[in-house]
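Just below is one structure, and these are the notes that go with it.
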Amino acid sequence: MELRQLRYFVTVAEEGGFGRAAERLSIVPSAVSQQIARLERAWGMVLFDRTTRRVRLSAAGERMLPEARAVLAAADRTARVAADIAAGDDGILRLGIVHGPEDRLHRILAGLAAGAPLLQVRLRSLPVAERLAAVRSGELEAALVRAVRSAPGLTLLPLWRDPLHVAVPASHPLAAEPALRLDQLASLPLRLAPRKDNAPFHDLILGACRADGAVPPPGPPFTGLQATLTAIGTAPTASWTVFYEVRGLPPVPRVALRPLAGLDVTTYLAARPGPPGPALRHLLRSLHDA
């Protein structure tokens, strides 16, 4: 069975004859007749009762007509979806995301919805190394990554820069400063997540400290923002941590939050090299607008 045969069958049924169907299809009547005969042999049934005066559907043909129409409608719908996917107006965009201000992600998704309403967006939250590996393997079309300065085999497009914040005990003399520099914090233990948990950010902070000649002693590990800030405010020994804003700056008793001067963190879009596909082009337009 071929789609062409189904289309001929439906056309003959609608036109009530092989000649009129052939005219509508812009082919010769014998070609229509041959294809209908082949379809009847394939299905093992007679689709039309033929007389010298007219052609009309048999009982079997009447039963098969709605089925043929449904198949042709599904084929046409599939072709339209394929065309929309090729144009980037439909399909699935798989995007790795970072934790960050939610309004920014909402603006990006709103731009995608406006530019390609049929495009389905599937967000994945993964550790940064797994996020990059998923882009390389094609499991993700792209991923947002923070503080990653190189990613072999991928292209990194800088998107935006976010300020960094420092938390120190409110009772410490540094809490009186409107902003803090790394060299001012060099003598205090630093609460930083282990490198295996977030290598790019870990390297960013310690690399900046080394560049300033102000490497602080290691403190207890960073175990989440709220827990770490609470520990800084209650521990008997002063320490500090550095973080980027995710959902606003949380007020914590006995902790002072100050901007970190001279250092910020960049968020990039990681994608495979080469011309972007249609869905990725929509994402790039939405990122530009956002």
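Please note that chains go A, B, ... in the order of the structure tokens, that every chain numbers its residues from 1, and that ligands are numbered from 1 in the order shown.
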Spatial neighbours of stretch 147-154 of chain A, 8 Å, only C-alpha atoms, chain gap at least 5 places, as a PyMOL selection string: chain A and resi 132+136+200-201+204+265-268+270-273
Residue neighbourhood A:Asp289, 10 Å, only C-alpha atoms, exclusion window fewer than 2 positions, as a PyMOL selection string: chain A and resi 107-108+111+283-287
A:Ala13 environment, 9 Å, only C-alpha atoms, sequence neighbours closer than 5 positions dropped, as a ChimeraX atom specification: /A:8,18,21,48,55-57,61-62,65
Residue list (helix (DSSP H, G or I), DSSP) for stretch 15-201 of chain A, as a PyMOL selection string: chain A and resi 15+18-25+29-43+59-87+102-115+128-137+173-176+182-185+199-201
Residue with smallest distance to A:Glu40 - pool A:Thr52, A:Ser187, A:Thr11, A:Gln5, counting only C-alpha atoms: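 For A:Glu40, the nearest of the given residues is A:Gln5.
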Residues flagged strand (DSSP E or B) by DSSP in stretch 102-286 of chain A, as number ranges by chain: A: 118-124, 142-146, 155-169, 180, 190, 218, 240-244, 255-271
Point-to-point distance from atom CA of A:Pro220 to atom CA of A:Arg131, Å rounded to tenths: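 Separating atom CA of A:Pro220 from atom CA of A:Arg131 is a distance of 27.0 Å.
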